[in-house]
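The block underneath contains the structure these notes are about, expressed in structure tokens.
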Amino acid sequence: MPVHKEPKYSILSPSYTKRLLFFLGADFLLFFVSLHFAYALRFDFSIPPEYVSHFYVVFFTLTFLKWSSLYLLNVYRITWRYFSLHNAIQILIGHILAATLFYFIFSIDPSLFAPVPRSVIAIDFILSLLLVGGFRLSKRIILEQQNKSITKPMLIIGSNHKSAALIKSSKNGDVPYTIQAIIAWEPSDFHLHGSTIDSIQVYRKNQLEKVFKLFDISSVAITIDLPQTELRSLIDQLTAHNIHDIHHFVILENNTSSLREFSIEDLLARHPKDLDSKTIEAFIRDKNVLITGAGGSIGSEISLQCHRFGAKNLILIDHSEFNLYQIGEKIPSAELHLCNIIDYGSLDQIIQNSSPDIVIHAAAYKHVPLCEANMQTAIKNNVIGSRNVIDSAIAHNVQKVVIISTDKAVRPTNVMGATKRTVELYAQNVNPRNSEIVAVRFGNVLGSSGSVIPKFKSQIESGGPVTLTHPDITRYFMLINEACQLVLQAAAIARGGELFILDMGESVKIADLAETMIRLYATEPIEIVYTGLRPGEKLYEELLIDESEQKTAFESIMIARSTLYDIDRLNEDIALLIDSSDPRSALRRIVPEYSEPAES
């Protein structure tokens, strides 16, 4: 077993006592120089002998008063390298206090210091303040000059309090960047053009190209929130100048700041404006919430959000031991159940024992080519497993059941989409008895397992090529945490039987996404290679079957028209699907709009 060794003590090791003694000694010398120079200035550098005899009385009195005042104001606790304007004000107040006390003592008994010209004390006040303050500032100036030689030149986009905080962090050496210029990007800040923030020049938005010519910029920090279109345009400008080191500067909840590396997700995130945390919290707080597929991308995020929104108890189900372990490490208070939802008996026992108020069903096989290659397994998991969850929840009077669906269920061209559409039909037409059953449909989420973005990143890092299936393929994207919050928000307003559609914004052309990622992350040219559509893959996804959706109180959440399907017939068709030797035809019997994509 290794033995922990205490660090060796050194007389040069910093400590509060050493810092105190150092500055007391340094100030003693500075006080002497300032008072002596004050006398010299007063008498044109020829001090009369009668004033010299009382010099030391005045000096030691002023020194004691200055020491005491600065000590009371915690000036001797200041860390040298972080000397700030606030600390300079403390030194000023300390000198004012010392001078005031000296004049008070002098007015009581002038003979103690006679002869002493009062102007000497005034001159000493100014000189001492400059010397003591300048000495404290000297190390910061030296460090800033040193930092410039070892740090990267950075441009700040945005002129606000965040910009000032970043400049301060830069000058303190907390970040490895030297700020060269600031761009006032928003019209409300254009009046700052020509001014400075902490000695850094502010330029207007239309002077960006001029800044690139004036300074050798290699890094950029964005301190403002920009609309997606404007952000994309800015990133195009930066990457055109071969700038890849791009950051967001954010102020965290605990008032600490952080430079967060810019990612492609920032360009794709939709940031819905109608997320309502209060509605979600009222829905989740003090409830028993059971989540299937709790270790997956969507399920784990929903689990974490339910935990944050105050769920009384979380019952997490997953058939992957590793995934369940991972989410269990993040939520130690949760009940963890290794269970395959195809096993109705085990699933039903868990629901019966845990008595959930809410069931959120996120378990599904979702990888299109794998589902195409393993149709029967995908059908059993996605259709039979989902039916098991719904039936068991109804049998045990669960108040609300939320089914996670997908845009691939709209006019599906693959087994995965057709199975999810089957589940939507079952959720809409089964007799819910005392339960409210709803489905929520949305597109791709950024950061989910199997997402195209980490795949592209890996290919770029390895030098390429970046592989795409088709130059015209498009997809919808949303941040995983925002999608999950909207799922919970939709569930909160549901009354049962709805199929909710999340507004995913505009679809993204994957070829454009690949080109943007190459510009953003690649330092050398990367080739894009097209491999052809995979089995079951279509060029574009849809979120609605028709235009008959209803509005809700939230712009980002809509309701699709219900599709009637006799539940007895649907169960018969599902039974035929399970035993069918031609599962595609059996799926098409349930979902007539299911068709294989045309060859491309």
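Each chain of the structure tokens is named A, B, ... in the order shown, its residues numbered from 1; ligands are numbered from 1 in display order.
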
- Write out as a ChimeraX atom specification all residues of range 363-546 of chain A that DSSP puts in strand (DSSP E) for this structure's backbone. /A:400-406,436-442,444-446,466-468,474-475,477-479,499-502,508-509,528-530

Restricted to N, CA, C and O atoms, what would the selected residues look like written as a short mmCIF file (atom, residue, chain, number, x, y, z; two decimals), in the first residue's frame?
```cif
data_model
loop_
_atom_site.label_atom_id
_atom_site.label_comp_id
_atom_site.auth_asym_id
_atom_site.auth_seq_id
_atom_site.Cartn_x
_atom_site.Cartn_y
_atom_site.Cartn_z
N LYS A 400 -51.25 8.19 -14.90
CA LYS A 400 -50.88 8.69 -16.22
C LYS A 400 -49.76 7.83 -16.81
O LYS A 400 -48.77 7.52 -16.13
N VAL A 401 -49.95 7.47 -18.08
CA VAL A 401 -48.96 6.68 -18.81
C VAL A 401 -48.50 7.51 -20.01
O VAL A 401 -49.32 7.96 -20.82
N VAL A 402 -47.17 7.69 -20.12
CA VAL A 402 -46.60 8.52 -21.18
C VAL A 402 -45.75 7.64 -22.08
O VAL A 402 -44.79 7.01 -21.63
N ILE A 403 -46.11 7.58 -23.36
CA ILE A 403 -45.39 6.76 -24.33
C ILE A 403 -44.49 7.66 -25.17
O ILE A 403 -44.97 8.63 -25.78
N ILE A 404 -43.21 7.36 -25.21
CA ILE A 404 -42.28 8.11 -26.04
C ILE A 404 -42.32 7.54 -27.46
O ILE A 404 -42.04 6.36 -27.67
N SER A 405 -42.67 8.40 -28.44
CA SER A 405 -42.73 7.96 -29.83
C SER A 405 -41.70 8.73 -30.65
O SER A 405 -40.83 9.41 -30.11
N THR A 406 -41.81 8.63 -31.97
CA THR A 406 -40.77 9.16 -32.85
C THR A 406 -41.37 9.68 -34.15
O THR A 406 -42.45 9.25 -34.58
N GLU A 436 -54.85 7.73 -17.70
CA GLU A 436 -54.74 8.65 -18.84
C GLU A 436 -53.50 8.25 -19.63
O GLU A 436 -52.39 8.29 -19.10
N ILE A 437 -53.70 7.87 -20.88
CA ILE A 437 -52.60 7.36 -21.70
C ILE A 437 -52.34 8.34 -22.84
O ILE A 437 -53.26 8.68 -23.60
N VAL A 438 -51.11 8.80 -22.94
CA VAL A 438 -50.75 9.76 -23.98
C VAL A 438 -49.45 9.32 -24.64
O VAL A 438 -48.64 8.60 -24.04
N ALA A 439 -49.25 9.75 -25.87
CA ALA A 439 -47.99 9.51 -26.58
C ALA A 439 -47.41 10.86 -26.98
O ALA A 439 -48.14 11.81 -27.27
N VAL A 440 -46.09 10.94 -26.98
CA VAL A 440 -45.39 12.17 -27.37
C VAL A 440 -44.40 11.82 -28.47
O VAL A 440 -43.53 10.97 -28.29
N ARG A 441 -44.55 12.51 -29.60
CA ARG A 441 -43.73 12.20 -30.78
C ARG A 441 -42.75 13.35 -31.04
O ARG A 441 -43.13 14.52 -31.04
N PHE A 442 -41.48 13.01 -31.25
CA PHE A 442 -40.50 14.03 -31.62
C PHE A 442 -39.39 13.40 -32.45
O PHE A 442 -39.34 12.18 -32.62
N ASN A 444 -35.03 13.60 -33.79
CA ASN A 444 -33.73 13.21 -33.24
C ASN A 444 -33.33 14.16 -32.11
O ASN A 444 -33.58 15.37 -32.18
N VAL A 445 -32.71 13.61 -31.11
CA VAL A 445 -32.20 14.43 -30.02
C VAL A 445 -30.68 14.43 -30.06
O VAL A 445 -30.05 13.41 -30.33
N LEU A 446 -30.12 15.60 -29.83
CA LEU A 446 -28.66 15.74 -29.86
C LEU A 446 -28.05 15.06 -28.66
O LEU A 446 -28.48 15.26 -27.53
N VAL A 466 -15.66 11.69 -44.00
CA VAL A 466 -16.96 11.72 -43.34
C VAL A 466 -17.95 11.04 -44.27
O VAL A 466 -18.05 11.38 -45.45
N THR A 467 -18.66 10.03 -43.75
CA THR A 467 -19.57 9.24 -44.59
C THR A 467 -21.02 9.65 -44.36
O THR A 467 -21.48 9.71 -43.22
N LEU A 468 -21.72 9.94 -45.45
CA LEU A 468 -23.14 10.25 -45.44
C LEU A 468 -23.85 9.27 -46.35
O LEU A 468 -23.26 8.76 -47.32
N THR A 474 -32.34 14.87 -44.77
CA THR A 474 -32.57 15.89 -43.74
C THR A 474 -33.11 15.24 -42.48
O THR A 474 -33.72 14.17 -42.53
N ARG A 475 -32.90 15.91 -41.35
CA ARG A 475 -33.42 15.43 -40.06
C ARG A 475 -33.77 16.62 -39.17
O ARG A 475 -33.24 17.72 -39.32
N PHE A 477 -33.70 18.09 -35.25
CA PHE A 477 -32.86 17.92 -34.06
C PHE A 477 -33.36 18.80 -32.92
O PHE A 477 -33.90 19.89 -33.14
N MET A 478 -33.13 18.31 -31.70
CA MET A 478 -33.44 19.09 -30.50
C MET A 478 -32.50 18.63 -29.39
O MET A 478 -32.11 17.45 -29.35
N LEU A 479 -32.14 19.54 -28.51
CA LEU A 479 -31.32 19.16 -27.36
C LEU A 479 -32.07 18.13 -26.51
O LEU A 479 -33.28 18.27 -26.28
N LEU A 499 -52.14 12.37 -28.86
CA LEU A 499 -50.83 12.13 -29.46
C LEU A 499 -50.19 13.50 -29.62
O LEU A 499 -50.58 14.28 -30.50
N PHE A 500 -49.25 13.82 -28.75
CA PHE A 500 -48.62 15.14 -28.77
C PHE A 500 -47.46 15.15 -29.77
O PHE A 500 -46.74 14.16 -29.92
N ILE A 501 -47.32 16.28 -30.44
CA ILE A 501 -46.22 16.48 -31.39
C ILE A 501 -45.37 17.63 -30.87
O ILE A 501 -45.89 18.72 -30.62
N LEU A 502 -44.08 17.41 -30.71
CA LEU A 502 -43.18 18.49 -30.31
C LEU A 502 -42.68 19.23 -31.55
O LEU A 502 -42.27 18.61 -32.52
N VAL A 508 -32.81 19.92 -40.70
CA VAL A 508 -31.42 20.24 -41.02
C VAL A 508 -30.92 19.30 -42.11
O VAL A 508 -31.10 18.08 -42.03
N LYS A 509 -30.31 19.87 -43.13
CA LYS A 509 -29.70 19.05 -44.17
C LYS A 509 -28.40 18.48 -43.64
O LYS A 509 -27.50 19.21 -43.23
N ILE A 528 -15.98 14.23 -47.99
CA ILE A 528 -17.30 13.67 -47.68
C ILE A 528 -17.60 12.59 -48.72
O ILE A 528 -17.53 12.83 -49.93
N VAL A 529 -17.94 11.40 -48.23
CA VAL A 529 -18.22 10.26 -49.10
C VAL A 529 -19.67 9.83 -48.89
O VAL A 529 -20.12 9.67 -47.75
N TYR A 530 -20.41 9.64 -49.98
CA TYR A 530 -21.81 9.21 -49.91
C TYR A 530 -21.89 7.71 -50.14
O TYR A 530 -21.35 7.19 -51.13
#
```

- Message: Which residues are near Ile235 in chain A? Cut-off 10 Å, only C-alpha atoms, ignore same chain within fewer than 5 positions. Put them as a ChimeraX atom specification.
- Response: /A:230,240-241,243-244,246,262,267,516,519-520

Go ahead and save the residues from that selection, with all heavy atoms, as a compact mmCIF listing (two decimals), in the first residue's frame.
```txt
# COMPACT_ATOMS: atom_id res chain seq x y z
N GLU A 230 -28.22 33.75 -36.92
CA GLU A 230 -27.13 34.71 -36.75
C GLU A 230 -25.88 34.01 -36.22
O GLU A 230 -24.76 34.33 -36.62
CB GLU A 230 -27.57 35.82 -35.79
CG GLU A 230 -26.67 37.04 -35.82
CD GLU A 230 -27.26 38.20 -35.04
OE1 GLU A 230 -28.43 38.12 -34.63
OE2 GLU A 230 -26.52 39.19 -34.85
N ALA A 240 -14.08 30.74 -41.62
CA ALA A 240 -13.47 31.22 -42.87
C ALA A 240 -12.11 31.85 -42.60
O ALA A 240 -11.24 31.87 -43.48
CB ALA A 240 -14.40 32.23 -43.55
N HIS A 241 -11.91 32.35 -41.39
CA HIS A 241 -10.61 32.92 -40.98
C HIS A 241 -9.75 31.87 -40.25
O HIS A 241 -8.81 32.24 -39.53
CB HIS A 241 -10.83 34.14 -40.11
CG HIS A 241 -11.27 35.36 -40.87
ND1 HIS A 241 -10.38 36.22 -41.48
CD2 HIS A 241 -12.51 35.84 -41.12
CE1 HIS A 241 -11.06 37.19 -42.08
NE2 HIS A 241 -12.35 36.99 -41.88
N ILE A 243 -10.42 30.08 -37.68
CA ILE A 243 -10.54 30.12 -36.21
C ILE A 243 -11.43 28.96 -35.79
O ILE A 243 -12.63 28.92 -36.11
CB ILE A 243 -11.13 31.47 -35.74
CG1 ILE A 243 -10.18 32.60 -36.09
CG2 ILE A 243 -11.39 31.44 -34.23
CD1 ILE A 243 -10.74 33.97 -35.81
N HIS A 244 -10.87 28.02 -35.05
CA HIS A 244 -11.59 26.84 -34.59
C HIS A 244 -11.72 26.80 -33.07
O HIS A 244 -12.51 26.01 -32.55
CB HIS A 244 -10.89 25.56 -35.08
CG HIS A 244 -10.73 25.49 -36.57
ND1 HIS A 244 -11.75 25.14 -37.41
CD2 HIS A 244 -9.67 25.77 -37.37
CE1 HIS A 244 -11.33 25.17 -38.67
NE2 HIS A 244 -10.06 25.56 -38.67
N ILE A 246 -13.31 28.22 -30.46
CA ILE A 246 -14.46 29.08 -30.19
C ILE A 246 -15.12 28.63 -28.89
O ILE A 246 -15.32 27.44 -28.67
CB ILE A 246 -15.46 29.04 -31.35
CG1 ILE A 246 -14.75 29.36 -32.68
CG2 ILE A 246 -16.63 30.00 -31.12
CD1 ILE A 246 -15.60 29.14 -33.91
N PHE A 262 -17.29 25.75 -27.68
CA PHE A 262 -18.43 25.78 -28.59
C PHE A 262 -18.56 24.44 -29.29
O PHE A 262 -17.56 23.82 -29.67
CB PHE A 262 -18.21 26.89 -29.63
CG PHE A 262 -19.37 27.08 -30.56
CD1 PHE A 262 -20.43 27.89 -30.20
CD2 PHE A 262 -19.40 26.44 -31.78
CE1 PHE A 262 -21.50 28.06 -31.06
CE2 PHE A 262 -20.46 26.61 -32.65
CZ PHE A 262 -21.52 27.42 -32.28
N LEU A 267 -25.28 25.05 -32.50
CA LEU A 267 -25.85 25.53 -33.75
C LEU A 267 -27.20 24.89 -34.05
O LEU A 267 -28.03 25.48 -34.74
CB LEU A 267 -24.91 25.24 -34.92
CG LEU A 267 -23.63 26.09 -35.02
CD1 LEU A 267 -22.81 25.63 -36.21
CD2 LEU A 267 -23.98 27.56 -35.15
N THR A 516 -20.36 21.94 -42.01
CA THR A 516 -20.15 22.85 -40.88
C THR A 516 -19.23 22.24 -39.84
O THR A 516 -18.33 22.91 -39.31
CB THR A 516 -21.50 23.22 -40.22
OG1 THR A 516 -22.34 23.83 -41.19
CG2 THR A 516 -21.29 24.19 -39.06
N ARG A 519 -15.66 22.38 -41.05
CA ARG A 519 -15.10 23.73 -40.89
C ARG A 519 -14.79 24.04 -39.43
O ARG A 519 -13.80 24.70 -39.11
CB ARG A 519 -16.08 24.78 -41.43
CG ARG A 519 -16.21 24.81 -42.93
CD ARG A 519 -16.83 26.11 -43.41
NE ARG A 519 -18.11 26.37 -42.79
CZ ARG A 519 -19.27 25.95 -43.26
NH1 ARG A 519 -19.31 25.23 -44.38
NH2 ARG A 519 -20.40 26.24 -42.66
N LEU A 520 -15.64 23.53 -38.54
CA LEU A 520 -15.51 23.85 -37.12
C LEU A 520 -14.41 23.06 -36.43
O LEU A 520 -13.68 23.59 -35.59
CB LEU A 520 -16.85 23.60 -36.42
CG LEU A 520 -17.02 24.13 -35.00
CD1 LEU A 520 -16.87 25.64 -34.96
CD2 LEU A 520 -18.39 23.73 -34.45
```

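As for CA of Asn429 in chain A and CA of Ile394 in chain A, they are spaced 12.9 Å apart.
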
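One distance worth recording is that between CA of Ser69 in chain A and CA of His95 in chain A, which is 7.3 Å.
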
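Taking only C-alpha atoms, the non-local environment of range 123-125 of chain A within 8 Å (same-chain residues fewer than 5 positions away omitted) comprises Ser34, Leu35, Phe37, Ala38, His95, Ile96 and Ala99 of chain A.
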
Selection from above, N, CA and C atoms, as an mmCIF file, in the first residue's frame, can you write it?
```cif
data_model
loop_
_atom_site.group_PDB
_atom_site.id
_atom_site.type_symbol
_atom_site.label_atom_id
_atom_site.label_comp_id
_atom_site.auth_asym_id
_atom_site.auth_seq_id
_atom_site.Cartn_x
_atom_site.Cartn_y
_atom_site.Cartn_z
ATOM 1 N N SER A 34 8.251 57.970 1.027
ATOM 2 C CA SER A 34 7.221 58.973 0.716
ATOM 3 C C SER A 34 7.322 60.177 1.650
ATOM 4 N N LEU A 35 7.571 59.962 2.972
ATOM 5 C CA LEU A 35 7.645 61.086 3.907
ATOM 6 C C LEU A 35 8.920 61.900 3.668
ATOM 7 N N PHE A 37 10.562 62.170 0.893
ATOM 8 C CA PHE A 37 10.412 62.905 -0.360
ATOM 9 C C PHE A 37 9.425 64.067 -0.201
ATOM 10 N N ALA A 38 8.444 63.897 0.675
ATOM 11 C CA ALA A 38 7.489 64.978 0.938
ATOM 12 C C ALA A 38 8.202 66.183 1.578
ATOM 13 N N HIS A 95 -5.452 55.309 3.959
ATOM 14 C CA HIS A 95 -4.629 56.523 4.020
ATOM 15 C C HIS A 95 -5.432 57.723 4.527
ATOM 16 N N ILE A 96 -6.691 57.807 4.081
ATOM 17 C CA ILE A 96 -7.543 58.895 4.573
ATOM 18 C C ILE A 96 -7.727 58.779 6.086
ATOM 19 N N ALA A 99 -4.383 59.738 7.881
ATOM 20 C CA ALA A 99 -4.146 61.185 7.842
ATOM 21 C C ALA A 99 -5.095 61.926 8.767
#
```

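For Ala26 in chain A, the non-local neighbours within 9 Å, defined as residues at least 4 positions apart in the same chain or in other chains and counting only C-alpha atoms, are Leu21, Phe22, Leu30, Phe31, Val132 and Phe135 of chain A.
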
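Considering the residues A:Cys306, A:Ile567, A:Ala364, A:Met517 and counting only C-alpha atoms, Gln485 in chain A has its shortest atom-to-atom contact with A:Cys306.
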
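Using only C-alpha atoms, the protein and nucleic acid residues lying no more than 8 Å from range 365-382 of chain A, apart from those fewer than 6 places from it along its own chain, are Ile341, Ile342, Asn414, Val415, Met416, Thr419, Lys420, Val423, Gly450, Arg534, Pro535, Gly536, Glu537, Ile578 and Pro583 of chain A.
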
Deliver the residues from the most recent selection as a file, using N, CA and C atoms, as a PDB file, in the first residue's frame.
```
ATOM      1  N   ILE A 341     -39.006  -5.711 -20.715  1.00  0.00           N
ATOM      2  CA  ILE A 341     -40.438  -5.420 -20.748  1.00  0.00           C
ATOM      3  C   ILE A 341     -41.232  -6.468 -21.516  1.00  0.00           C
ATOM      4  N   ILE A 342     -40.560  -7.327 -22.270  1.00  0.00           N
ATOM      5  CA  ILE A 342     -41.261  -8.428 -22.929  1.00  0.00           C
ATOM      6  C   ILE A 342     -41.774  -9.431 -21.895  1.00  0.00           C
ATOM      7  N   ASN A 414     -39.689   1.981 -42.433  1.00  0.00           N
ATOM      8  CA  ASN A 414     -38.846   0.987 -41.778  1.00  0.00           C
ATOM      9  C   ASN A 414     -39.614   0.315 -40.660  1.00  0.00           C
ATOM     10  N   VAL A 415     -39.107  -0.818 -40.203  1.00  0.00           N
ATOM     11  CA  VAL A 415     -39.758  -1.608 -39.167  1.00  0.00           C
ATOM     12  C   VAL A 415     -39.845  -0.814 -37.861  1.00  0.00           C
ATOM     13  N   MET A 416     -38.768  -0.111 -37.545  1.00  0.00           N
ATOM     14  CA  MET A 416     -38.759   0.649 -36.297  1.00  0.00           C
ATOM     15  C   MET A 416     -39.920   1.651 -36.278  1.00  0.00           C
ATOM     16  N   THR A 419     -43.371  -0.088 -36.043  1.00  0.00           N
ATOM     17  CA  THR A 419     -43.689  -0.604 -34.707  1.00  0.00           C
ATOM     18  C   THR A 419     -44.091   0.531 -33.768  1.00  0.00           C
ATOM     19  N   LYS A 420     -43.433   1.675 -33.875  1.00  0.00           N
ATOM     20  CA  LYS A 420     -43.775   2.809 -33.010  1.00  0.00           C
ATOM     21  C   LYS A 420     -45.157   3.367 -33.370  1.00  0.00           C
ATOM     22  N   VAL A 423     -47.704   1.166 -31.735  1.00  0.00           N
ATOM     23  CA  VAL A 423     -47.851   1.493 -30.312  1.00  0.00           C
ATOM     24  C   VAL A 423     -48.702   2.742 -30.131  1.00  0.00           C
ATOM     25  N   GLY A 450     -25.951   6.634 -30.754  1.00  0.00           N
ATOM     26  CA  GLY A 450     -26.129   6.379 -32.175  1.00  0.00           C
ATOM     27  C   GLY A 450     -26.344   7.626 -33.001  1.00  0.00           C
ATOM     28  N   ARG A 534     -29.392   3.486 -46.218  1.00  0.00           N
ATOM     29  CA  ARG A 534     -29.371   2.194 -45.552  1.00  0.00           C
ATOM     30  C   ARG A 534     -30.773   1.575 -45.590  1.00  0.00           C
ATOM     31  N   PRO A 535     -30.890   0.284 -45.300  1.00  0.00           N
ATOM     32  CA  PRO A 535     -32.213  -0.361 -45.305  1.00  0.00           C
ATOM     33  C   PRO A 535     -33.180   0.368 -44.364  1.00  0.00           C
ATOM     34  N   GLY A 536     -34.349   0.712 -44.903  1.00  0.00           N
ATOM     35  CA  GLY A 536     -35.378   1.352 -44.085  1.00  0.00           C
ATOM     36  C   GLY A 536     -35.223   2.843 -43.908  1.00  0.00           C
ATOM     37  N   GLU A 537     -34.143   3.430 -44.430  1.00  0.00           N
ATOM     38  CA  GLU A 537     -33.882   4.851 -44.220  1.00  0.00           C
ATOM     39  C   GLU A 537     -34.550   5.674 -45.318  1.00  0.00           C
ATOM     40  N   ILE A 578     -46.986 -11.170 -34.658  1.00  0.00           N
ATOM     41  CA  ILE A 578     -45.978 -11.917 -33.885  1.00  0.00           C
ATOM     42  C   ILE A 578     -45.689 -13.264 -34.533  1.00  0.00           C
ATOM     43  N   PRO A 583     -43.391 -10.478 -41.650  1.00  0.00           N
ATOM     44  CA  PRO A 583     -43.738  -9.396 -40.720  1.00  0.00           C
ATOM     45  C   PRO A 583     -43.983  -8.057 -41.404  1.00  0.00           C
TER      46      PRO A 583
END
```

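Proximity of A:Asp573, A:Pro471, A:Ser138, A:Asp357 to Val383 in chain A, computed with only C-alpha atoms, is greatest for A:Asp573.
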
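As for CA of Ile358 in chain A and CA of Leu316 in chain A, they are spaced 12.0 Å apart.
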
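Non-sequential neighbours of Leu65 in chain A (distance at most 9 Å, separation of 6 or more positions within a chain, only C-alpha atoms) are Gly94, His95, Leu97, Ala98, Ala99, Leu101 and Phe102 of chain A.
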
Write the residues you've just listed into a file as a compact mmCIF listing (two decimals), in the first residue's frame, and include C-alpha atoms for each of them.
```
# COMPACT_ATOMS: atom_id res chain seq x y z
CA GLY A 94 -6.75 53.49 4.90
CA HIS A 95 -4.63 56.52 4.02
CA LEU A 97 -8.15 57.33 7.98
CA ALA A 98 -4.45 57.54 8.95
CA ALA A 99 -4.15 61.18 7.84
CA LEU A 101 -6.10 60.50 12.90
CA PHE A 102 -2.74 62.24 12.56
```
